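Chemist: My structure is in input_14.cif, and what it holds is mmCIF, C-alpha atoms and all ligand atoms:
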```cif
data_final
#
loop_
_atom_site.label_atom_id
_atom_site.label_comp_id
_atom_site.auth_asym_id
_atom_site.auth_seq_id
_atom_site.Cartn_x
_atom_site.Cartn_y
_atom_site.Cartn_z
CA MET A 1 53.45 47.57 79.66
CA GLU A 2 52.20 44.68 81.71
CA ILE A 3 48.57 43.80 81.21
CA GLU A 4 46.95 42.13 84.12
CA VAL A 5 44.67 39.29 83.08
CA THR A 6 41.68 39.14 85.34
CA ALA A 7 38.31 37.44 85.16
CA GLU A 8 36.82 40.90 84.58
CA SER A 9 39.20 41.79 81.72
CA ILE A 10 38.46 38.50 79.93
CA SER A 11 34.74 39.08 80.24
CA GLU A 12 35.21 42.57 78.84
CA LYS A 13 37.34 41.37 75.91
CA LYS A 14 34.96 38.59 74.97
CA GLY A 15 31.89 40.74 75.47
CA LEU A 16 30.59 38.48 78.21
CA PRO A 17 28.83 39.70 81.33
CA ALA A 18 30.96 39.99 84.46
CA GLY A 19 30.61 37.07 86.85
CA ILE A 20 30.65 34.41 84.13
CA TRP A 21 34.37 33.81 84.66
CA THR A 22 36.04 32.95 87.88
CA LYS A 23 39.59 32.45 89.11
CA CYS A 24 41.20 29.71 91.20
CA LYS A 25 42.22 31.26 94.52
CA LYS A 26 45.44 29.26 94.58
CA CYS A 27 46.93 29.11 91.05
CA GLU A 28 44.84 31.94 89.54
CA HIS A 29 43.73 29.74 86.65
CA ILE A 30 40.77 31.43 84.97
CA LEU A 31 37.77 29.36 83.97
CA LEU A 32 34.04 29.58 83.39
CA GLN A 33 32.04 29.75 86.62
CA ARG A 34 29.72 27.07 85.18
CA ASP A 35 32.63 24.67 84.51
CA PHE A 36 33.99 25.40 87.97
CA GLU A 37 30.65 24.51 89.58
CA GLU A 38 30.39 21.36 87.46
CA ASN A 39 33.78 20.38 88.86
CA PHE A 40 32.45 20.89 92.43
CA MET A 41 34.51 24.09 92.83
CA VAL A 42 37.75 22.12 92.56
CA CYS A 43 40.38 23.73 90.29
CA PRO A 44 40.94 21.47 87.24
CA LYS A 45 44.52 22.74 86.95
CA CYS A 46 45.96 22.59 90.49
CA GLU A 47 43.20 20.58 92.24
CA TYR A 48 42.71 23.26 94.89
CA TYR A 49 39.51 22.73 96.88
CA THR A 50 37.67 26.03 97.11
CA ARG A 51 35.94 26.44 100.46
CA LEU A 52 32.19 26.06 100.12
CA SER A 53 29.33 27.98 101.63
CA PRO A 54 26.64 25.89 103.34
CA SER A 55 24.29 26.43 100.37
CA GLN A 56 26.93 25.20 97.89
CA ARG A 57 27.67 22.23 100.15
CA ILE A 58 23.95 21.43 100.36
CA ALA A 59 23.64 21.59 96.57
CA PHE A 60 26.55 19.14 96.14
CA THR A 61 25.56 16.76 98.93
CA VAL A 62 21.82 16.31 99.38
CA ASP A 63 18.90 15.55 97.07
CA GLU A 64 17.64 18.64 95.30
CA GLY A 65 14.98 20.51 97.24
CA SER A 66 15.15 18.12 100.21
CA PHE A 67 16.96 20.37 102.71
CA LYS A 68 14.80 21.95 105.43
CA GLU A 69 16.63 24.13 107.90
CA ILE A 70 15.87 23.73 111.61
CA ASN A 71 16.59 26.01 114.57
CA ALA A 72 17.53 28.92 112.32
CA ASN A 73 16.36 31.46 114.89
CA LEU A 74 19.02 30.82 117.57
CA ARG A 75 21.34 33.78 118.18
CA SER A 76 24.45 34.29 120.29
CA VAL A 77 24.62 36.89 123.05
CA ASN A 78 27.66 39.09 123.68
CA PHE A 79 27.67 38.24 127.38
CA LEU A 80 31.34 39.20 127.87
CA ASN A 81 30.76 42.58 126.18
CA PHE A 82 33.59 41.64 123.82
CA PRO A 83 34.45 44.64 121.61
CA GLU A 84 32.80 44.56 118.15
CA TYR A 85 31.37 41.08 118.76
CA THR A 86 27.76 42.23 118.68
CA GLU A 87 28.31 43.66 115.18
CA LYS A 88 30.07 40.49 114.00
CA ILE A 89 27.32 38.11 115.11
CA GLY A 90 24.82 40.32 113.34
CA MET A 91 26.57 39.75 109.98
CA ALA A 92 24.08 40.25 107.18
CA GLY A 93 22.21 37.19 106.01
CA LEU A 94 24.09 34.73 108.22
CA SER A 95 22.90 33.45 111.52
CA ASP A 96 26.07 31.74 112.80
CA ALA A 97 28.86 29.36 111.82
CA ILE A 98 26.64 26.30 111.32
CA VAL A 99 23.47 25.47 109.42
CA THR A 100 21.44 22.42 110.49
CA GLY A 101 18.48 20.71 108.91
CA GLU A 102 16.71 17.65 107.64
CA ALA A 103 17.57 16.31 104.19
CA LYS A 104 17.65 13.25 101.98
CA ILE A 105 20.77 11.76 100.38
CA ASN A 106 19.82 9.49 97.49
CA GLY A 107 16.57 8.89 99.35
CA TYR A 108 18.10 8.25 102.81
CA ASN A 109 16.74 10.58 105.49
CA VAL A 110 19.41 12.34 107.52
CA VAL A 111 19.87 15.21 109.91
CA ILE A 112 22.77 17.21 108.54
CA ALA A 113 24.88 20.04 109.96
CA ILE A 114 27.18 22.12 107.79
CA MET A 115 29.72 24.55 109.21
CA ASN A 116 30.38 27.87 107.54
CA PHE A 117 34.02 28.95 107.61
CA SER A 118 33.21 32.38 106.27
CA PHE A 119 31.27 33.20 109.45
CA MET A 120 33.99 34.15 111.96
CA GLY A 121 36.32 31.36 110.80
CA GLY A 122 33.67 28.72 111.45
CA SER A 123 34.25 29.25 115.15
CA MET A 124 32.29 27.22 117.67
CA GLY A 125 30.21 29.25 120.08
CA ALA A 126 27.01 28.56 122.00
CA VAL A 127 24.81 28.60 118.87
CA VAL A 128 26.98 26.06 117.05
CA GLY A 129 26.86 23.74 120.07
CA GLU A 130 23.17 24.18 120.68
CA ARG A 131 22.29 23.60 117.01
CA ILE A 132 24.32 20.38 116.99
CA VAL A 133 22.65 19.13 120.18
CA ARG A 134 19.20 19.94 118.82
CA ALA A 135 20.08 18.28 115.50
CA VAL A 136 21.05 15.12 117.41
CA GLU A 137 17.80 15.28 119.40
CA ARG A 138 15.86 15.58 116.13
CA ALA A 139 17.72 12.56 114.75
CA LEU A 140 16.97 10.52 117.89
CA LYS A 141 13.28 11.34 117.58
CA LYS A 142 13.14 10.51 113.88
CA LYS A 143 15.58 7.58 114.11
CA TRP A 144 17.73 9.07 111.38
CA HIS A 145 21.51 9.09 111.01
CA VAL A 146 23.52 12.29 111.49
CA ILE A 147 26.12 13.89 109.23
CA ILE A 148 28.24 16.87 110.33
CA ILE A 149 30.43 18.59 107.75
CA SER A 150 33.07 20.57 109.64
CA SER A 151 35.26 23.52 108.72
CA SER A 152 36.42 25.52 111.69
CA GLY A 153 39.27 27.38 113.31
CA GLY A 154 38.11 26.08 116.70
CA ALA A 155 36.37 27.56 119.73
CA ARG A 156 35.13 31.15 119.55
CA MET A 157 37.24 33.26 121.89
CA GLN A 158 34.57 35.96 122.13
CA GLU A 159 32.38 33.52 124.03
CA GLY A 160 35.12 32.46 126.46
CA ILE A 161 34.33 29.44 128.60
CA LEU A 162 30.92 28.98 126.97
CA SER A 163 32.59 28.12 123.67
CA LEU A 164 34.83 25.54 125.35
CA MET A 165 31.81 24.00 127.06
CA GLN A 166 30.38 23.15 123.63
CA MET A 167 33.08 20.49 123.24
CA GLY A 168 31.68 18.45 126.11
CA LYS A 169 28.07 19.28 125.33
CA THR A 170 28.22 18.14 121.69
CA SER A 171 30.27 15.03 122.53
CA ALA A 172 27.76 13.99 125.20
CA ALA A 173 24.87 14.41 122.76
CA LEU A 174 26.56 12.34 120.04
CA VAL A 175 27.05 9.40 122.43
CA LYS A 176 23.25 9.07 122.57
CA LEU A 177 23.19 8.25 118.85
CA ALA A 178 25.37 5.20 119.39
CA ASP A 179 23.22 4.17 122.37
CA ASN A 180 20.21 4.20 120.03
CA GLY A 181 21.83 2.37 117.13
CA LEU A 182 22.13 5.45 114.95
CA ALA A 183 25.24 6.43 113.03
CA TYR A 184 27.18 9.66 113.10
CA ILE A 185 29.25 10.36 109.98
CA SER A 186 31.78 13.17 110.32
CA VAL A 187 33.11 14.91 107.22
CA LEU A 188 36.23 17.00 107.80
CA THR A 189 37.04 19.73 105.31
CA ASP A 190 39.78 22.34 105.08
CA PRO A 191 40.43 23.51 107.74
CA THR A 192 39.14 21.62 110.78
CA THR A 193 41.19 22.63 113.80
CA GLY A 194 41.13 23.54 117.49
CA GLY A 195 38.22 22.63 119.72
CA VAL A 196 36.11 21.35 116.83
CA ALA A 197 38.82 18.87 115.80
CA ALA A 198 39.19 17.99 119.48
CA SER A 199 35.49 17.19 119.88
CA TYR A 200 32.70 16.30 117.47
CA ALA A 201 34.69 16.40 114.21
CA MET A 202 36.78 13.40 115.28
CA LEU A 203 33.98 11.42 116.94
CA GLY A 204 32.30 10.00 113.86
CA ASP A 205 31.56 6.30 113.53
CA ILE A 206 33.18 7.08 110.21
CA ASN A 207 35.51 10.05 109.82
CA ILE A 208 35.74 11.14 106.18
CA ALA A 209 38.08 13.91 105.00
CA GLU A 210 38.33 15.89 101.79
CA PRO A 211 41.78 15.70 100.15
CA LYS A 212 44.59 17.89 101.45
CA SER A 213 42.49 19.37 104.25
CA LEU A 214 44.31 20.82 107.23
CA ILE A 215 43.11 18.86 110.26
CA GLY A 216 44.56 19.13 113.74
CA PHE A 217 44.32 20.70 117.16
CA ALA A 218 47.21 23.16 117.40
CA GLY A 219 49.17 24.66 114.49
CA PRO A 220 52.48 23.06 113.41
CA ARG A 221 54.64 25.90 114.74
CA VAL A 222 53.22 25.56 118.25
CA ILE A 223 53.76 21.79 118.19
CA GLU A 224 57.33 22.11 116.89
CA GLN A 225 58.17 24.58 119.64
CA THR A 226 56.59 22.36 122.29
CA ILE A 227 58.18 19.04 121.33
CA ARG A 228 61.38 20.66 119.93
CA GLN A 229 61.30 18.45 116.86
CA GLN A 230 60.70 19.05 113.21
CA LEU A 231 57.40 17.70 111.96
CA PRO A 232 57.22 15.37 108.95
CA GLU A 233 56.09 16.54 105.51
CA GLY A 234 52.33 16.78 105.09
CA PHE A 235 51.73 16.50 108.83
CA GLN A 236 48.09 17.45 109.64
CA LEU A 237 46.85 16.92 106.10
CA SER A 238 44.04 14.42 105.41
CA GLU A 239 46.27 11.89 103.64
CA PHE A 240 48.77 11.80 106.52
CA LEU A 241 45.95 11.38 109.04
CA GLU A 242 44.39 8.59 106.97
CA LYS A 243 47.73 6.79 106.83
CA HIS A 244 48.08 7.05 110.62
CA GLY A 245 44.53 6.01 111.45
CA MET A 246 43.06 9.34 112.55
CA VAL A 247 40.83 9.54 109.47
CA ASP A 248 39.08 6.51 108.00
CA ILE A 249 38.90 7.56 104.38
CA VAL A 250 39.85 10.49 102.15
CA VAL A 251 37.14 11.14 99.59
CA GLU A 252 37.18 13.49 96.62
CA ARG A 253 34.40 16.05 96.58
CA LYS A 254 32.93 14.66 93.37
CA ASP A 255 32.49 11.24 95.04
CA MET A 256 31.28 12.49 98.43
CA LYS A 257 27.54 12.05 97.88
CA GLU A 258 28.04 8.52 96.57
CA VAL A 259 30.30 7.52 99.46
CA LEU A 260 27.88 8.99 102.02
CA THR A 261 25.10 7.01 100.37
CA ARG A 262 27.10 3.79 100.66
CA PHE A 263 27.68 4.37 104.38
CA LEU A 264 24.04 5.29 104.97
CA LYS A 265 23.03 2.09 103.22
CA PHE A 266 25.49 0.11 105.34
CA PHE A 267 24.26 1.64 108.62
CA SER A 268 20.60 1.24 107.67
CA ASN A 269 20.89 -2.51 106.95
CA LYS A 270 21.95 -3.67 110.34
ZN ZN A 301 44.13 26.22 90.72
#
```
Would you put the structure from the file into structure tokens?
Ligand SMILES: [Zn+2]

Modeler:
Amino acid sequence: MEIEVTAESISEKKGLPAGIWTKCKKCEHILLQRDFEENFMVCPKCEYYTRLSPSQRIAFTVDEGSFKEINANLRSVNFLNFPEYTEKIGMAGLSDAIVTGEAKINGYNVVIAIMNFSFMGGSMGAVVGERIVRAVERALKKKWHVIIISSSGGARMQEGILSLMQMGKTSAALVKLADNGLAYISVLTDPTTGGVAASYAMLGDINIAEPKSLIGFAGPRVIEQTIRQQLPEGFQLSEFLEKHGMVDIVVERKDMKEVLTRFLKFFSNK
């Protein structure tokens, strides 16, 4: 008889409450949830980077208790009457694929935006675009730098042309930061693709990527079919993009806060 080892069965055997153990999504290595969190949700065995929710990302990135959400009340409208879209955008407890707010990182004030891949694949619709623009406006008013942490499948098809318009709208807003001597730091995480990769995610004064993140516009199969060539190994991963100048630096999650602090210090001492 084959016994399946699960996080639940270990908890049961050791008399521990369920939820104390967790499992790596990639290699299925089982470890204590607490140890996993202390390792920034990176598997100690296979180094797989678990995708983070905005609240986990906030906990790992900004000073404790410093995050204050802004523009939380914006909601998308199903203007195309796309089937089932109204239900999807009403997903319990989530108000869209990005969270924006004010925060401090080792004492440096920032306006920060964090995308949420678990909300419709982190797709960019009108609310994502509008929140980014308003975040930039807040930063201009406060004279603070901006950080956007992306994870997205691209534009949101249910919002048609309005989702594509967000590419231009966000890009135009970010230009104003440079005009006012403020920095925009872009952090690309797995995956950052489509219209998000083709607009604000790649427009940072510094583009930082987490290791082994998939970053690109179209998927490899589409590109191979279009150019009729085989793509090199690791194409569209952070390390490849860093080597070819599309990404400035690949930073491990455990070092991210420190590296962001160094850049904020650099941009604040001009
Ligand atoms: Zn693993």

Chemist: Which of these residues is nearest to Phe79 of chain A, using all atoms listed in the file: A:Gly160, A:Ile149, A:Gly121, A:Gly154?

Modeler: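 Checking each of A:Gly160, A:Ile149, A:Gly121, A:Gly154 against Phe79 of chain A, counting all atoms listed in the file, the winner is A:Gly160.
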
Chemist: As an exercise, work out the distance from atom CA of Ala139 of chain A to atom CA of Val110 of chain A in Å and give it to one decimal place.

Modeler: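 Atom CA of Val110 of chain A lies at a distance of 7.4 Å from atom CA of Ala139 of chain A.
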
Chemist: How big is the axis-aligned box around all listed atoms of segment 141-159 of chain A once 5 Å goes on each side, and where's its centre, in Å to one decimal, as AutoDock Vina command-line options?

Modeler:
```
--center_x 26.2 --center_y 21.8 --center_z 115.9 --size_x 36.1 --size_y 38.4 --size_z 26.3
```

Chemist: Report the distance between atom CA of Glu130 of chain A and atom CA of Met202 of chain A in Å, rounded to one decimal place.

Modeler: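 Separation of atom CA of Glu130 of chain A and atom CA of Met202 of chain A: 18.2 Å.
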
Chemist: Between A:Gly101, A:Arg131, A:His29, A:Leu162, single out the one closest to Arg75 of chain A, counting all atoms listed in the file.

Modeler: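 Checking each candidate against Arg75 of chain A, we get A:Arg131 as the closest.
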
Chemist: Find, counting all atoms listed in the file, the residue in A:Ile20, A:Met41, A:Ile132, A:Val247 that gets nearest to ligand ZN 301 (chain A).

Modeler: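 Of A:Ile20, A:Met41, A:Ile132, A:Val247, the one nearest ligand ZN 301 (chain A) is A:Met41, counting all atoms listed in the file.
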
Chemist: So the first atom is atom CA of Ser186 of chain A and the second is atom CA of Glu239 of chain A; what is the distance between them in Å, to one decimal place?

Modeler: 16.0 Å

Chemist: Which chain A residues have any atom within 12 Å of an atom of ligand ZN 301 (chain A), and for each, what is the nearest pair of atoms with distance in Å to one decimal, counting only C-alpha atoms and all ligand atoms, rows sorted by chain and number, as a Markdown table?

Modeler:
```
| residue | atom | partner | partner_atom | distance |
| --- | --- | --- | --- | --- |
| A:Thr22 | CA | A:ZN301 | ZN | 10.9 |
| A:Lys23 | CA | A:ZN301 | ZN | 7.9 |
| A:Cys24 | CA | A:ZN301 | ZN | 4.6 |
| A:Lys25 | CA | A:ZN301 | ZN | 6.6 |
| A:Lys26 | CA | A:ZN301 | ZN | 5.1 |
| A:Cys27 | CA | A:ZN301 | ZN | 4.0 |
| A:Glu28 | CA | A:ZN301 | ZN | 5.9 |
| A:His29 | CA | A:ZN301 | ZN | 5.4 |
| A:Ile30 | CA | A:ZN301 | ZN | 8.5 |
| A:Leu31 | CA | A:ZN301 | ZN | 9.8 |
| A:Phe36 | CA | A:ZN301 | ZN | 10.5 |
| A:Met41 | CA | A:ZN301 | ZN | 10.1 |
| A:Val42 | CA | A:ZN301 | ZN | 7.8 |
| A:Cys43 | CA | A:ZN301 | ZN | 4.5 |
| A:Pro44 | CA | A:ZN301 | ZN | 6.7 |
| A:Lys45 | CA | A:ZN301 | ZN | 5.1 |
| A:Cys46 | CA | A:ZN301 | ZN | 4.1 |
| A:Glu47 | CA | A:ZN301 | ZN | 5.9 |
| A:Tyr48 | CA | A:ZN301 | ZN | 5.3 |
| A:Tyr49 | CA | A:ZN301 | ZN | 8.5 |
| A:Thr50 | CA | A:ZN301 | ZN | 9.1 |
```

Chemist: Can you pull out every residue within 12 Å of Glu242 of chain A, counting only C-alpha atoms, but drop anything in the same chain fewer than 4 positions away, and send it as a list in words?

Modeler: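 Everything that qualifies: Leu188, Ile206, Asn207, Ile208, Ala209, Glu210, Pro211, Lys212, Ser213, Ile215, Gly234, Phe235, Gln236, Leu237, Ser238, Met246, Val247, Asp248, Ile249, Val250 and Val251 of chain A.
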
Chemist: Can you list, as a VMD selection string, every protein, DNA or RNA residue that comes within 8 Å of Gln158 of chain A when you count all atoms listed in the file, leaving out same-chain residues fewer than 4 positions away?

Modeler: chain A and resid 78 80 82 85

Chemist: I need the residues from that last selection saved to file as a short mmCIF file (atom, residue, chain, number, x, y, z; two decimals), in the coordinates of the input (with C-alpha atoms), if you can.

Modeler:
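Everything below was put into part.cif:
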```
data_model
loop_
_atom_site.label_atom_id
_atom_site.label_comp_id
_atom_site.auth_asym_id
_atom_site.auth_seq_id
_atom_site.Cartn_x
_atom_site.Cartn_y
_atom_site.Cartn_z
CA ASN A 78 27.66 39.09 123.68
CA LEU A 80 31.34 39.20 127.87
CA PHE A 82 33.59 41.64 123.82
CA TYR A 85 31.37 41.08 118.76
#
```
